[in-house]
Every structure is written in C-alpha cells, then in structure tokens.
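Quick notes on the structure that follows.
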Number of protein chains: 2
Amino acid sequence: MDLRPVLYVVGILLSTLALSMALPMLVDLYFGSADWKVFFLCILTTSFFGGALVLSNAGGEGFTINIRQAFFLTTVSWIALATFASLPLWFSGLGLSFTDAFFEAMSGITTTGSTVMTDLDNAPKGILLWRAILQWLGGIGIIVMALSVLPFLKVGGMQLFRTESSENEKALPRAAKLASSIAYIYVALTFVCAICYHFSGLGLFDSFAHAMTTIATGGFSTFDASFGNFDKAWTEVIAIVFMVLGSLPFVLYLKAVRGNMRSLFTDSQVRWFLSIIAVCVITMVIYLVFQVHMEFGEALRRASFNIVSIITGTGYTDANYGAWGGFAVGLLFFLMVVGGCAGSTTCGIKIFRFQVLYAVTDVQIKKLLHPHGVFIPYYGGKPLPRGVPSSVMSFFFMFALSFSLLAVALSFVGLDFLTAMSGAATSIANVGPGLGDIIGPSGTFEALPDSAKWILCVGMLLGRLELFTVLVLFSPHFWQR
Amino acid sequence: MDLRPVLYVVGILLSTLALSMALPMLVDLYFGSADWKVFFLCILTTSFFGGALVLSNAGGEGFTINIRQAFFLTTVSWIALATFASLPLWFSGLGLSFTDAFFEAMSGITTTGSTVMTDLDNAPKGILLWRAILQWLGGIGIIVMALSVLPFLKVGGMQLFRTESSENEKALPRAAKLASSIAYIYVALTFVCAICYHFSGLGLFDSFAHAMTTIATGGFSTFDASFGNFDKAWTEVIAIVFMVLGSLPFVLYLKAVRGNMRSLFTDSQVRWFLSIIAVCVITMVIYLVFQVHMEFGEALRRASFNIVSIITGTGYTDANYGAWGGFAVGLLFFLMVVGGCAGSTTCGIKIFRFQVLYAVTDVQIKKLLHPHGVFIPYYGGKPLPRGVPSSVMSFFFMFALSFSLLAVALSFVGLDFLTAMSGAATSIANVGPGLGDIIGPSGTFEALPDSAKWILCVGMLLGRLELFTVLVLFSPHFWQR
C-alpha cells in the first residue's frame, strides 16, 4: 500500500489542528494564564509534524486514493488528531497523566464528552476552550466524513446517503464543495446558539464554549455540574432545541436554505427520531410524576432535557438521574445506543438503521406467513438498494458484539456491572456520562484504572468511525494482496 | 381461520399431560403425601378438557394444517400446557398463588428453571417430580418442534435444518417417525444420566429427578442449594457431560447410532460450541486464580460447572458466582444469551446463528474492500440458502429488541438495573437464575412483584418459541385476509 497520500492528508489535518490551537493560546494570554506557553509549544510541535508530512509526501499533480487507503486514512487520522490534541492537556498546569490527556482528547474529538477532569469551574479558560474546540472540530469532521467518505466506503448501510457527489471517482472534490456549504451552516448554527445562550443569562465565554459542544452534540461543559450550574429552565430549552438541531441530517438544512423547507418536516428519519423522543419523554414524565412523586413541570423539564441529552449523545446533565430509580436507569441505558439521524454530529446506532431493520423484519414476517410471496423492504418510499439490508444488519451485529466485548473487558479490569455496562455503551455510542456512582452524571471517569480508560478510548474510536472503518484494518483480507 | 385442527392437537397434548400426572400421583401415594388427591383431580380436569377438545374437533379422515394454523397452534399449545400444568402446583399444599404456580409451570415447560419455590428440601416428592417431568417433556417437545415445525415455518433461519422429512406437504407424518427415534435416544440418555448420578452417590429419586432436568437443560433441582447440596466433584462432572450432551444436535446421535460416529465430531456447530466453552472456562479460571485467589482445582471445577450450566441454559448452581466480582457477573451475563446448538433442548440465540452472522459479516468486510467482487456466505461448507441470512439477522435484531423491552418493562415495575437486565436475559434465553442478590444463584424469583413474574413469563414463552412464532400473531399481516 502506498502510504504517501495517507500521510499527506494526515499532515494537512495536523496543520489545521495546530492552527486551531492559536485561539486558546490567545485566550490564555488575555486572561493571563501561564498555559499560553504550552499552547505555543504545541502549535510549533504539531505544525512541525504536520508540515513535514505534507512536504515529504506531496505528489506532483494530486493523487487518487483507493478504498484500502481511505479506510487506513480515516482511522489513522483520527488517532493522530487525538494524540496531538492531547499535548496541550498533558503539558498544561493541570497535572494530567498522558493516559488522562489522551482520554480527554479522544473524548473531545469523537464528540463523546466523557471527562477525567475535575474542578472545571477553576480550570484555565484556554484549556476549557480547547476542549470545546475539539468537540466542535470533531462534529464538523464527522458530518463531512458521513457525507463524503462513508457512503463511498459503503460502511454499515451509509451508501443509502450517497449524493450525486459520491457516485463516481471524482467523489472527493465534489464532496469538498458540499462540505464547505455544510460548514457555513454549522458555523451559523453555532453563532445563533451562542447568542441564545447569552440572552438566557450565560457569560460570553460560557455561551460560546457551550454552543460549540451543543451543536457538536459533544457535551463538554465548563462547569463540573454541567447545566446544573446554571439551573435555568430557558437555558435548558435552548440546549434541547440545539441538541436536536445538531442531530438532524445537515443536508436538510442545505435544502432548507435553498428554499425547500418542506423536506425538513417530511423526512422519515426526522419523524421517527422526534417520535421516539416524544414517546420516551412522555413515559418518563408519567414515571417521575406517579412513582417518584415529582411535580409535573419539574418532571417535564428533567425528563426532556436528560432524554434529549442522552439520545443525541450529547451528555449534558442537570440532575443526578441515577437517583430516579431503576426505570430511569434502565431506559436511559438503552437510549444511549439509539443515537440521532445519519449525516448529523450524533453517534450510536442511528435512526435510519432502526428503520431499515424494521422494514426488513416486517418483510420477514410477511414471508413467514406467505412463503411463496415476493416482498421487498422499503426505505423512505423507495425499495432498499441491494446490499443495504445486510450491510445494516452486519453493523447491528458488530455493534452488539463490540459492546459485549468492551463490557466484558471493562469488568475484567475490575469495574462493577453497572459501570462496565454503561461505560461500554456510553463510549461506543459517544454519549459522555455513564450510569452509577462512579461514571454517572454526578461522577467523572477520573477514578477508573488506566486500563479501563484505554479500553474506553478504543470504544469511542470504534463507535465514532462506524465500527467497520476500524475493524476492516484487523481483517486478514485487508492485508492480503 | 379454521380452529378445529388447532383445538384437536391441543386436546391431544392436554391428554398426554394428564397422563403424565399419574406418575407424581403414584409417588405421592407411595410416600403418603396428601397431594395425591390434588394430582388425581387435576388428571380428571385436564383429561376432561383434553378429551372434549379431541372429540369435538375430530375431523373425518385427518386434516392438513396451513402455516397460519401452525403458528397459532404452536403458541396456543404452549400456553395451554403451562396453564394446566400449573394446576397441581396451585392446588397443592404449598400455598402458591396462581401467578406463582403459572410462573413455575411456564418455567418448567419452557425448560427455563427459574423458581419461586423455597424449602424444596422438604417439599412433597410428587411436586418435585412434577417439576422435573415438566422440564423433561418441554425438552423433548422442543426438539420435536425444532425438527418438524420450525424448519417448515422457516423461523429465524431454522430452515437450515430441513431434513428430507420437512421438505414437502407430508412434513408432519414423516417428522413423527423421526421424532420417535429421537425420543428413544432422549429416554436412553436420561436413564444413563440417572444411573451415573446414582453411582456418584445420589439417591434413586434425586438421580432421576436431576437426570430429567439435566438432559432437558432445564435446571430445576430438588434442593434449594441445587448442586451445592451434594458438593461432590464427580456429580458435577456427570452434570457437565450430560448438560453438554443435551445441548448438541440430537440428529447427530441418530446418525451415531446408525454407525456414523464421525459426524458428531466434525459438525461445525459442535466444534464452535465446545471451543466457546473452552475459551470461556480458561479465561474464567485465569481470573479466579489470579484475581480472586482461588485454588486452581477449585477454580477449574467452579468455572467449568457454572459456565456450562449458564451457556447451555440449564441453570444449576453450586456456588454464589455473584460473589466472584464484576468479571464473573459480566461474562456470565453475556453467556446467558449464547445458548447451545440448534436441534437440542437449549435455548438462547444458538451457535448456528452466530456462525451465520460471522459468515455474513466476513463477506461484508470482503465487499467493503472489493466493492465489485461477488462473495457468498458459507455454512458448513455449503453456500447459505437464499433467505437464511436475513432470517437469522432479523432474529438477532428481534432478540435484542425483545430483550431491551423486557428489561425496560421489568425496571418500570420497580426492579433494579442488575435484576432487570439479568431477569430479561435469563427469561428470554430460558436459563433459570439471574444475577444479583434477589434472583441470583442464591436467591429465588419469589420476592418479585406479580407484574414482574408475568413479564418474565412472556419472556420465557417468546424465547422458547424462537420469538417469531409468537410475534407473528401480533402482526396485522397475520389477521389480514
């Protein structure tokens, strides 16, 4: 395999990362934190590596990337970005170990939001901004990848979302044009969200830091208590709206901007997503009012904020839902893996896969009753393209298998059942907090052994890159020629 | 739908059930327990209902059963058998409520082995024998069903196991011939197992009661402490051997009896099954020796007995594995749903489905790397028949979905996370004990609320009848004409 194109692209990505370190450096300079020097050195290091890779691997007049290289590139670039992104965290005055810094950076760039940092309220602003920027970059990165690379790689049924731009060999340049339009929308949504937060009473810095992690459905906060720190209903309503907006397919916004507002409301994936949220919120409110004896308004607020936060994989918290009893814990556990719509910043199994699985199972039941009939599964009014059902079903099997192995591995290194199970789910679905006293909404991942943190990093990477992008690298077929 | 053939067969099954109540009645008479009168009345009631159904629905010269009727029959007969089987438990001197009696009967007939009864050591022998008989009948019933009805209904990929006898309209009569050969083997294995138990030091009654629930991979014991009561290594070795024998495809024994011993060792499903057990036992022994500081011999004995008991869905216990720490709990949780081979008495997802899922995923990875290549999944050296992959994958999805809904429902009625999760797993996979202090190896299901017991009954029925047999009845397609 010719590694030059891979290293070239990784070089470009690292240079971009170095550039984005300038912002937290300036913030630290402004607020007088000594960490600006750390950022300065990290910029030098990262841009040196990035630049060296670009210069040493630049081909004559552009090159094409084959499928093998594309798989390798995707996984390698995410690992490289996490590694270099962890440098400022490692060398800053926080005293994090490399494991902790890498975990935090991986959690950021994969938009997970699990944290090992405590006392965020007094942490230097530069570091807080860096965490938000990582999630924000991870969010836009994943949308671009879902629109361009994944349909081209046909991973886990993502070929359903091929646009004209991904149907032929000129996929990447056209995808780049699409991506830049999407990026404008992403930036615009972030600004609107920040302004809304500011109007609800948050400071300018907190508004922007939270807007970045809201749109990215990341979930890093600048306070240990997350949204519990503000304790304002309006702030939470804004968060709910923008977490949901971050979980819808971004192509629909592009269509809406171009005048086709209708498709935003008629898209079947969006309808399923909003219906699932509605059903779960109603069930949870009933439970909270009648079993936990919470007041109705309070129940509605807590239920909707936390359910949206978990299902979108954001991971903000405003209350310790661990104390709401078994049902809250059970429901939120399963909601962790659901995820949002494809083509958004969310992770997890994603709504369209449930739609495909439903369609296939419905056809299966018809076939059981009429063995000689011919039935075809439909998606969004059209017959499912050949290969999509088995692609989606393999994804589902691999998701279940990876989850099981992660949970078993986490319990092997000493975690209890609830921590291991929810840790595996929260990492592979890139949610953020887990369940239970240790990694639950009121805890952090700090206390876990290093081995558990590395296992969780594997889970976050697997989940964010739709499993197969990483797993093919471990297949003997990949290395056979 | 013409219900007459359905009611006719249910009548025959109930009459058989009534007949089998004679044995515990005689045992109670012999040991002088007043419960013999209860059995006598139950025989009268059950045979009255059974006989009435047979007589009122007997057709002229036999009838054919169509697919719709076959689905309906399978589900209805299992519910009817559980209902009438619960009568002796309900009316006996034990003072069980109807919910408890029905739960115990359903747990018996589905070979689950979850129990609500305490003080088994002093329970009348007739009742103990009745519980064993229920599991024994359930075991042979399921083998016959897996060989005759399920491949014909094409449920969950079971069409892979079509024999000549299930390929045409004369399926049922030919299956009956095959079933009677299998029944001889089943009886023979039970006798050999009972004799082995007796030689290892068990009394004659306990030997037979345990032999019946071992071969059926059921797991009802005649002692609260299950195998912990005997505490003999040899007894456990015998149990391990016969639990494994009960989990292998029974057609292979038929082949072996007819001279083809080789197929027992070359069957790929058998090889996978034994390999999975070996890997899990070795891992668990390593964990027990190095982390729990157990002696090697002790670790090997505990690990192999409990892992075989859980993976085969038997559910005997000889120790409180809940006290072995997080890894034991985590590993056993996932092993619950694995199950044994198709065509045996075990339940769960079953080995052949994992083989199919593996084959499909392997093809999927090859396709990702070579988008224009043509790859076909193989099973046992032959290409998988059309329809089998999606059948198996739909089963897997439905299994995961049903498990999730059961777990959420159990937590809604007040169970904690570990109890709800392991309760859902143990019921849908027909294992027996769950995890945790309440329903774990040292507890019983007695303390659960009635609502939880009914939810678990639904899980046991769903799991035992391969999900789709029951679920099609709830599909609108079933009732459309």
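Here, A, B, ... name the chains of the structure tokens in the order displayed, residue numbers run from 1 inside each chain, and ligands are numbered from 1 in the same displayed order.
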
**Request:** Determine, counting only C-alpha atoms, which protein, DNA and RNA residues have an atom within 12 Å of an atom of A:Arg258; residues of the same chain fewer than 6 positions away are not included. Present the result as a ChimeraX atom specification.
**Result:** /A:181,185,251-252,264

With all heavy atoms retained, export the selected residues as a compact mmCIF listing (two decimals), in the first residue's frame.
```
# COMPACT_ATOMS: atom_id res chain seq x y z
N SER A 181 -20.37 24.15 2.03
CA SER A 181 -21.70 24.72 2.27
C SER A 181 -22.22 24.29 3.63
O SER A 181 -22.79 25.09 4.39
CB SER A 181 -22.69 24.24 1.21
OG SER A 181 -22.12 24.27 -0.06
N ILE A 185 -23.27 26.44 7.36
CA ILE A 185 -24.47 26.23 8.17
C ILE A 185 -24.08 25.89 9.61
O ILE A 185 -24.67 26.39 10.57
CB ILE A 185 -25.33 25.10 7.56
CG1 ILE A 185 -25.91 25.60 6.25
CG2 ILE A 185 -26.41 24.64 8.52
CD1 ILE A 185 -26.60 24.54 5.44
N VAL A 251 -27.78 17.88 5.54
CA VAL A 251 -28.16 18.16 4.15
C VAL A 251 -29.54 18.79 4.07
O VAL A 251 -29.82 19.57 3.17
CB VAL A 251 -28.17 16.90 3.25
CG1 VAL A 251 -26.95 16.86 2.38
CG2 VAL A 251 -28.33 15.64 4.05
N LEU A 252 -30.39 18.45 5.04
CA LEU A 252 -31.74 19.03 5.02
C LEU A 252 -31.71 20.53 5.25
O LEU A 252 -32.52 21.28 4.71
CB LEU A 252 -32.62 18.35 6.08
CG LEU A 252 -32.94 16.88 5.84
CD1 LEU A 252 -33.88 16.35 6.92
CD2 LEU A 252 -33.56 16.66 4.47
N LEU A 264 -37.53 19.19 5.50
CA LEU A 264 -37.11 19.09 6.89
C LEU A 264 -38.20 18.44 7.75
O LEU A 264 -37.92 17.80 8.76
CB LEU A 264 -36.80 20.50 7.42
CG LEU A 264 -35.93 20.63 8.66
CD1 LEU A 264 -34.63 19.88 8.51
CD2 LEU A 264 -35.63 22.08 8.96
```

Using only C-alpha atoms and a distance of at most 6 Å, pull out the residues of chain B that contact chain A, as a tab-separated table (two decimals) with N, CA, C and O atoms, in the first residue's frame.
```tsv
chain	number	residue	atom	x	y	z
B	326	GLY	N	-16.92	-8.46	39.54
B	326	GLY	CA	-17.53	-7.92	38.33
B	326	GLY	C	-17.34	-8.75	37.08
B	326	GLY	O	-18.25	-8.90	36.27
B	327	PHE	N	-16.15	-9.33	36.90
B	327	PHE	CA	-15.88	-10.04	35.65
B	327	PHE	C	-16.76	-11.27	35.51
B	327	PHE	O	-17.33	-11.54	34.45
B	330	GLY	N	-20.20	-10.11	34.66
B	330	GLY	CA	-20.27	-9.60	33.29
B	330	GLY	C	-20.22	-10.71	32.26
B	330	GLY	O	-21.03	-10.75	31.34
B	331	LEU	N	-19.26	-11.64	32.44
B	331	LEU	CA	-19.11	-12.72	31.46
B	331	LEU	C	-20.35	-13.62	31.45
B	331	LEU	O	-20.91	-13.93	30.39
B	361	THR	N	-20.86	-11.29	8.13
B	361	THR	CA	-20.01	-10.15	8.43
B	361	THR	C	-18.66	-10.28	7.71
B	361	THR	O	-18.10	-9.28	7.24
B	394	SER	N	-32.69	-10.89	11.17
B	394	SER	CA	-33.92	-10.37	11.76
B	394	SER	C	-34.14	-10.97	13.13
B	394	SER	O	-34.59	-10.29	14.06
B	408	VAL	N	-36.62	-3.00	30.13
B	408	VAL	CA	-37.24	-1.72	30.47
B	408	VAL	C	-38.54	-1.95	31.23
B	408	VAL	O	-38.82	-1.29	32.25
B	411	SER	N	-37.79	-2.93	34.76
B	411	SER	CA	-37.37	-1.81	35.61
B	411	SER	C	-38.54	-0.87	35.88
B	411	SER	O	-38.58	-0.22	36.92
B	412	PHE	N	-39.50	-0.84	34.96
B	412	PHE	CA	-40.69	0.01	35.19
B	412	PHE	C	-41.48	-0.47	36.41
B	412	PHE	O	-42.02	0.33	37.16
B	416	ASP	N	-34.29	-3.33	40.17
B	416	ASP	CA	-33.05	-2.58	39.98
B	416	ASP	C	-32.38	-3.02	38.68
B	416	ASP	O	-32.79	-4.00	38.05
B	417	PHE	N	-31.32	-2.28	38.28
B	417	PHE	CA	-30.69	-2.48	36.97
B	417	PHE	C	-30.22	-3.91	36.76
B	417	PHE	O	-30.56	-4.56	35.77
```

**Message:** Quick one: residues within 7 Å of stretch 244-247 of chain A, only C-alpha atoms, excluding same-chain residues fewer than 5 positions away - as a list in words?
**Reply:**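 Neighbouring residues, sequence-local ones excluded: Ile215, Ala216, Thr217, Thr312, Gly340, Cys341, Ser344, Thr345 and Thr346 of chain A.
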
**Message:** I'd like the contact shell of A:Glu446 - 12 Å cut-off, only C-alpha atoms, skipping same-chain residues fewer than 6 positions apart - returned as a PyMOL selection string.
**Reply:** chain A and resi 96-97+99-101+103-104+114-119+433+438-440+452-453

Those selected residues, please, written with N, CA and C atoms and delivered as a JSON list (two decimals), in the first residue's frame.
```json
[["chain", "number", "residue", "atom", "x", "y", "z"],
["A", 96, "LEU", "N", -2.30, 16.36, 34.37],
["A", 96, "LEU", "CA", -2.89, 15.11, 33.89],
["A", 96, "LEU", "C", -1.79, 14.16, 33.43],
["A", 97, "SER", "N", -2.03, 12.84, 33.61],
["A", 97, "SER", "CA", -1.11, 11.85, 33.04],
["A", 97, "SER", "C", -1.36, 11.79, 31.53],
["A", 99, "THR", "N", -2.23, 9.18, 29.83],
["A", 99, "THR", "CA", -3.48, 8.41, 29.64],
["A", 99, "THR", "C", -4.69, 9.33, 29.77],
["A", 100, "ASP", "N", -4.70, 10.13, 30.84],
["A", 100, "ASP", "CA", -5.84, 11.02, 31.06],
["A", 100, "ASP", "C", -5.96, 12.06, 29.95],
["A", 101, "ALA", "N", -4.83, 12.62, 29.54],
["A", 101, "ALA", "CA", -4.86, 13.65, 28.49],
["A", 101, "ALA", "C", -5.35, 13.05, 27.18],
["A", 103, "PHE", "N", -7.22, 10.34, 26.84],
["A", 103, "PHE", "CA", -8.64, 10.02, 27.02],
["A", 103, "PHE", "C", -9.50, 11.25, 26.79],
["A", 104, "GLU", "N", -9.09, 12.38, 27.39],
["A", 104, "GLU", "CA", -9.87, 13.61, 27.28],
["A", 104, "GLU", "C", -9.89, 14.10, 25.83],
["A", 114, "SER", "N", -17.11, 12.33, 27.72],
["A", 114, "SER", "CA", -16.70, 11.76, 28.99],
["A", 114, "SER", "C", -15.47, 12.54, 29.45],
["A", 115, "THR", "N", -15.38, 12.84, 30.73],
["A", 115, "THR", "CA", -14.25, 13.64, 31.19],
["A", 115, "THR", "C", -13.54, 13.01, 32.38],
["A", 116, "VAL", "N", -12.23, 13.25, 32.45],
["A", 116, "VAL", "CA", -11.45, 12.83, 33.62],
["A", 116, "VAL", "C", -11.07, 14.03, 34.45],
["A", 117, "MET", "N", -11.50, 15.23, 34.00],
["A", 117, "MET", "CA", -11.10, 16.45, 34.70],
["A", 117, "MET", "C", -12.12, 16.85, 35.76],
["A", 118, "THR", "N", -11.62, 17.23, 36.92],
["A", 118, "THR", "CA", -12.49, 17.76, 37.96],
["A", 118, "THR", "C", -12.11, 19.21, 38.19],
["A", 119, "ASP", "N", -12.91, 19.91, 38.95],
["A", 119, "ASP", "CA", -12.68, 21.34, 39.23],
["A", 119, "ASP", "C", -12.60, 22.15, 37.93],
["A", 433, "PRO", "N", -21.47, 10.78, 29.87],
["A", 433, "PRO", "CA", -21.54, 10.16, 31.20],
["A", 433, "PRO", "C", -22.09, 8.74, 31.11],
["A", 438, "ILE", "N", -19.88, 6.02, 40.01],
["A", 438, "ILE", "CA", -18.53, 6.39, 39.59],
["A", 438, "ILE", "C", -18.57, 7.26, 38.34],
["A", 439, "ILE", "N", -19.11, 6.72, 37.24],
["A", 439, "ILE", "CA", -19.07, 7.44, 35.97],
["A", 439, "ILE", "C", -20.43, 8.05, 35.62],
["A", 440, "GLY", "N", -21.36, 8.04, 36.56],
["A", 440, "GLY", "CA", -22.69, 8.59, 36.33],
["A", 440, "GLY", "C", -22.69, 10.10, 36.20],
["A", 452, "ALA", "N", -8.84, 0.63, 31.98],
["A", 452, "ALA", "CA", -10.23, 0.89, 31.62],
["A", 452, "ALA", "C", -10.32, 2.10, 30.68],
["A", 453, "LYS", "N", -9.49, 3.12, 30.95],
["A", 453, "LYS", "CA", -9.52, 4.32, 30.10],
["A", 453, "LYS", "C", -9.10, 4.00, 28.67]]
```

**Message:** So that I can check the secondary structure, give me every residue of stretch 284-458 of chain B assigned helix (DSSP H, G or I) by backbone DSSP, as number ranges by chain.
**Reply:** B: 284-290, 296-311, 321-324, 326-336, 351-369, 388-412, 417-428, 450-458

**Message:** Taking 4 positions as the minimum chain separation for residues in the same chain, which residues sit within 7 Å of B:Leu134 when counting only C-alpha atoms? Answer as a PyMOL selection string.
**Reply:** chain B and resi 108-109+130+138

Filtering to N, CA and C atoms, could you give me those residues as a PDB file, in the first residue's frame?
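Once everything was written out, this is again.pdb:
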```
ATOM      1  N   GLY B 108     -41.063 -24.416  33.925  1.00  0.00           N
ATOM      2  CA  GLY B 108     -40.800 -25.834  33.721  1.00  0.00           C
ATOM      3  C   GLY B 108     -40.922 -26.231  32.267  1.00  0.00           C
ATOM      4  N   ILE B 109     -42.080 -25.949  31.677  1.00  0.00           N
ATOM      5  CA  ILE B 109     -42.374 -26.433  30.339  1.00  0.00           C
ATOM      6  C   ILE B 109     -41.466 -25.783  29.277  1.00  0.00           C
ATOM      7  N   TRP B 130     -43.069 -33.655  39.556  1.00  0.00           N
ATOM      8  CA  TRP B 130     -43.878 -32.971  38.555  1.00  0.00           C
ATOM      9  C   TRP B 130     -43.072 -31.855  37.874  1.00  0.00           C
ATOM     10  N   GLY B 138     -40.933 -30.674  28.238  1.00  0.00           N
ATOM     11  CA  GLY B 138     -40.614 -29.462  27.479  1.00  0.00           C
ATOM     12  C   GLY B 138     -39.399 -29.686  26.597  1.00  0.00           C
TER      13      GLY B 138
END
```

**Item:** Residue with smallest distance to A:Asp35 - pool A:Ser47, A:Ser92, A:Ser221, A:Gln69, counting only C-alpha atoms
**Value:**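 Result for the nearest residue to A:Asp35: A:Ser92.
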
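Comparing the minimum interatomic distances between B:Thr314 and each of B:Phe242, B:Trp36, B:Tyr186, B:Tyr197, counting only C-alpha atoms, we find that B:Phe242 sits nearest.
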
Taking 4 positions as the minimum chain separation for residues in the same chain, which residues sit within 12 Å of A:Ile79 when counting only C-alpha atoms? Answer as an mmCIF file with N, CA and C atoms, in the first residue's frame.
```cif
data_model
loop_
_atom_site.group_PDB
_atom_site.id
_atom_site.type_symbol
_atom_site.label_atom_id
_atom_site.label_comp_id
_atom_site.auth_asym_id
_atom_site.auth_seq_id
_atom_site.Cartn_x
_atom_site.Cartn_y
_atom_site.Cartn_z
ATOM 1 N N VAL A 10 -3.048 13.326 6.447
ATOM 2 C CA VAL A 10 -2.854 13.442 7.890
ATOM 3 C C VAL A 10 -2.072 14.717 8.196
ATOM 4 N N LEU A 13 -4.385 17.675 8.043
ATOM 5 C CA LEU A 13 -5.265 17.714 9.211
ATOM 6 C C LEU A 13 -4.520 18.198 10.447
ATOM 7 N N LEU A 14 -3.274 17.737 10.633
ATOM 8 C CA LEU A 14 -2.493 18.158 11.796
ATOM 9 C C LEU A 14 -2.189 19.654 11.720
ATOM 10 N N PHE A 72 -7.654 3.123 5.806
ATOM 11 C CA PHE A 72 -6.472 3.333 6.640
ATOM 12 C C PHE A 72 -6.382 4.793 7.074
ATOM 13 N N LEU A 73 -6.611 5.687 6.105
ATOM 14 C CA LEU A 73 -6.521 7.127 6.363
ATOM 15 C C LEU A 73 -7.493 7.563 7.455
ATOM 16 N N THR A 74 -8.750 7.104 7.347
ATOM 17 C CA THR A 74 -9.768 7.551 8.301
ATOM 18 C C THR A 74 -9.365 7.200 9.734
ATOM 19 N N THR A 75 -8.979 5.949 9.947
ATOM 20 C CA THR A 75 -8.618 5.528 11.295
ATOM 21 C C THR A 75 -7.352 6.225 11.780
ATOM 22 N N THR A 83 -3.974 12.204 19.377
ATOM 23 C CA THR A 83 -2.654 12.212 20.015
ATOM 24 C C THR A 83 -2.116 13.639 20.138
ATOM 25 N N PHE A 84 -2.131 14.381 19.024
ATOM 26 C CA PHE A 84 -1.583 15.740 19.086
ATOM 27 C C PHE A 84 -2.486 16.684 19.877
ATOM 28 N N ALA A 85 -3.796 16.428 19.835
ATOM 29 C CA ALA A 85 -4.722 17.263 20.606
ATOM 30 C C ALA A 85 -4.540 17.077 22.104
ATOM 31 N N SER A 86 -3.970 15.917 22.480
ATOM 32 C CA SER A 86 -3.801 15.661 23.912
ATOM 33 C C SER A 86 -2.596 16.405 24.487
ATOM 34 N N PHE A 102 -4.878 11.837 26.854
ATOM 35 C CA PHE A 102 -5.304 11.185 25.610
ATOM 36 C C PHE A 102 -6.790 10.840 25.676
ATOM 37 N N PHE A 103 -7.220 10.345 26.838
ATOM 38 C CA PHE A 103 -8.636 10.015 27.016
ATOM 39 C C PHE A 103 -9.499 11.248 26.791
ATOM 40 N N ALA A 105 -8.741 13.989 25.161
ATOM 41 C CA ALA A 105 -8.670 14.444 23.770
ATOM 42 C C ALA A 105 -9.504 13.532 22.865
ATOM 43 N N MET A 106 -9.423 12.216 23.078
ATOM 44 C CA MET A 106 -10.213 11.280 22.279
ATOM 45 C C MET A 106 -11.707 11.510 22.526
ATOM 46 N N SER A 107 -12.043 11.744 23.793
ATOM 47 C CA SER A 107 -13.432 12.010 24.147
ATOM 48 C C SER A 107 -13.907 13.297 23.477
ATOM 49 N N ILE A 109 -12.499 14.812 20.488
ATOM 50 C CA ILE A 109 -12.505 14.752 19.019
ATOM 51 C C ILE A 109 -13.581 13.787 18.506
ATOM 52 N N THR A 110 -13.982 12.797 19.341
ATOM 53 C CA THR A 110 -15.058 11.896 18.933
ATOM 54 C C THR A 110 -16.423 12.419 19.388
ATOM 55 N N CYS A 457 -11.220 4.327 25.240
ATOM 56 C CA CYS A 457 -10.734 5.047 24.053
ATOM 57 C C CYS A 457 -10.978 4.209 22.795
ATOM 58 N N VAL A 458 -10.711 2.906 22.899
ATOM 59 C CA VAL A 458 -10.977 2.013 21.758
ATOM 60 C C VAL A 458 -12.461 2.070 21.398
ATOM 61 N N MET A 460 -14.636 4.485 21.979
ATOM 62 C CA MET A 460 -15.009 5.779 21.396
ATOM 63 C C MET A 460 -14.620 5.848 19.923
ATOM 64 N N LEU A 461 -13.405 5.369 19.613
ATOM 65 C CA LEU A 461 -12.929 5.417 18.226
ATOM 66 C C LEU A 461 -13.779 4.504 17.346
ATOM 67 N N LEU A 462 -14.009 3.275 17.831
ATOM 68 C CA LEU A 462 -14.838 2.311 17.085
ATOM 69 C C LEU A 462 -16.204 2.909 16.765
ATOM 70 N N ARG A 464 -17.284 6.068 16.857
ATOM 71 C CA ARG A 464 -17.298 7.284 16.049
ATOM 72 C C ARG A 464 -17.058 6.979 14.578
ATOM 73 N N LEU A 465 -16.230 5.971 14.286
ATOM 74 C CA LEU A 465 -15.918 5.667 12.881
ATOM 75 C C LEU A 465 -16.786 4.526 12.354
ATOM 76 N N VAL A 470 -12.797 0.908 11.264
ATOM 77 C CA VAL A 470 -11.659 0.481 12.077
ATOM 78 C C VAL A 470 -11.454 -1.035 11.954
#
```

**Request:** May I ask for the distance between atom CA of B:Gly322 and atom CA of B:Asn306, given in Å to one decimal place?
**Result:**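 Distance reported for this atom pair: 11.4 Å.
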
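Distance annotation: of B:Pro385, B:Gly141, B:Gly297, B:Gly228, the residue with the minimal separation from B:Trp78 is B:Gly141; atom set is only C-alpha atoms.
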
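For stretch 141-389 of chain B, backbone-based DSSP labels the following residues as strand (DSSP E): B:Tyr378, B:Tyr379, B:Lys382, B:Pro383.
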
For the selection just defined, write its residues with N, CA and C atoms to a file, as a PDB file, in the first residue's frame.
```pdb
ATOM      1  N   TYR B 378     -20.877 -18.846   3.458  1.00  0.00           N
ATOM      2  CA  TYR B 378     -20.940 -20.300   3.542  1.00  0.00           C
ATOM      3  C   TYR B 378     -21.312 -20.737   4.943  1.00  0.00           C
ATOM      4  N   TYR B 379     -21.992 -21.897   5.017  1.00  0.00           N
ATOM      5  CA  TYR B 379     -22.235 -22.519   6.315  1.00  0.00           C
ATOM      6  C   TYR B 379     -21.987 -24.008   6.173  1.00  0.00           C
ATOM      7  N   LYS B 382     -21.198 -25.329   2.685  1.00  0.00           N
ATOM      8  CA  LYS B 382     -22.149 -25.091   1.594  1.00  0.00           C
ATOM      9  C   LYS B 382     -22.589 -23.628   1.595  1.00  0.00           C
ATOM     10  N   PRO B 383     -22.891 -23.070   0.413  1.00  0.00           N
ATOM     11  CA  PRO B 383     -23.393 -21.690   0.397  1.00  0.00           C
ATOM     12  C   PRO B 383     -24.703 -21.614   1.184  1.00  0.00           C
TER      13      PRO B 383
END
```

**Message:** When you look at A:Val38 with a cut-off of 9 Å (counting only C-alpha atoms), what residues show up, excluding the ones that are within fewer than 5 positions of it in the same chain? I need them as a PyMOL selection string.
**Reply:** chain A and resi 25+43+87-89+91-93
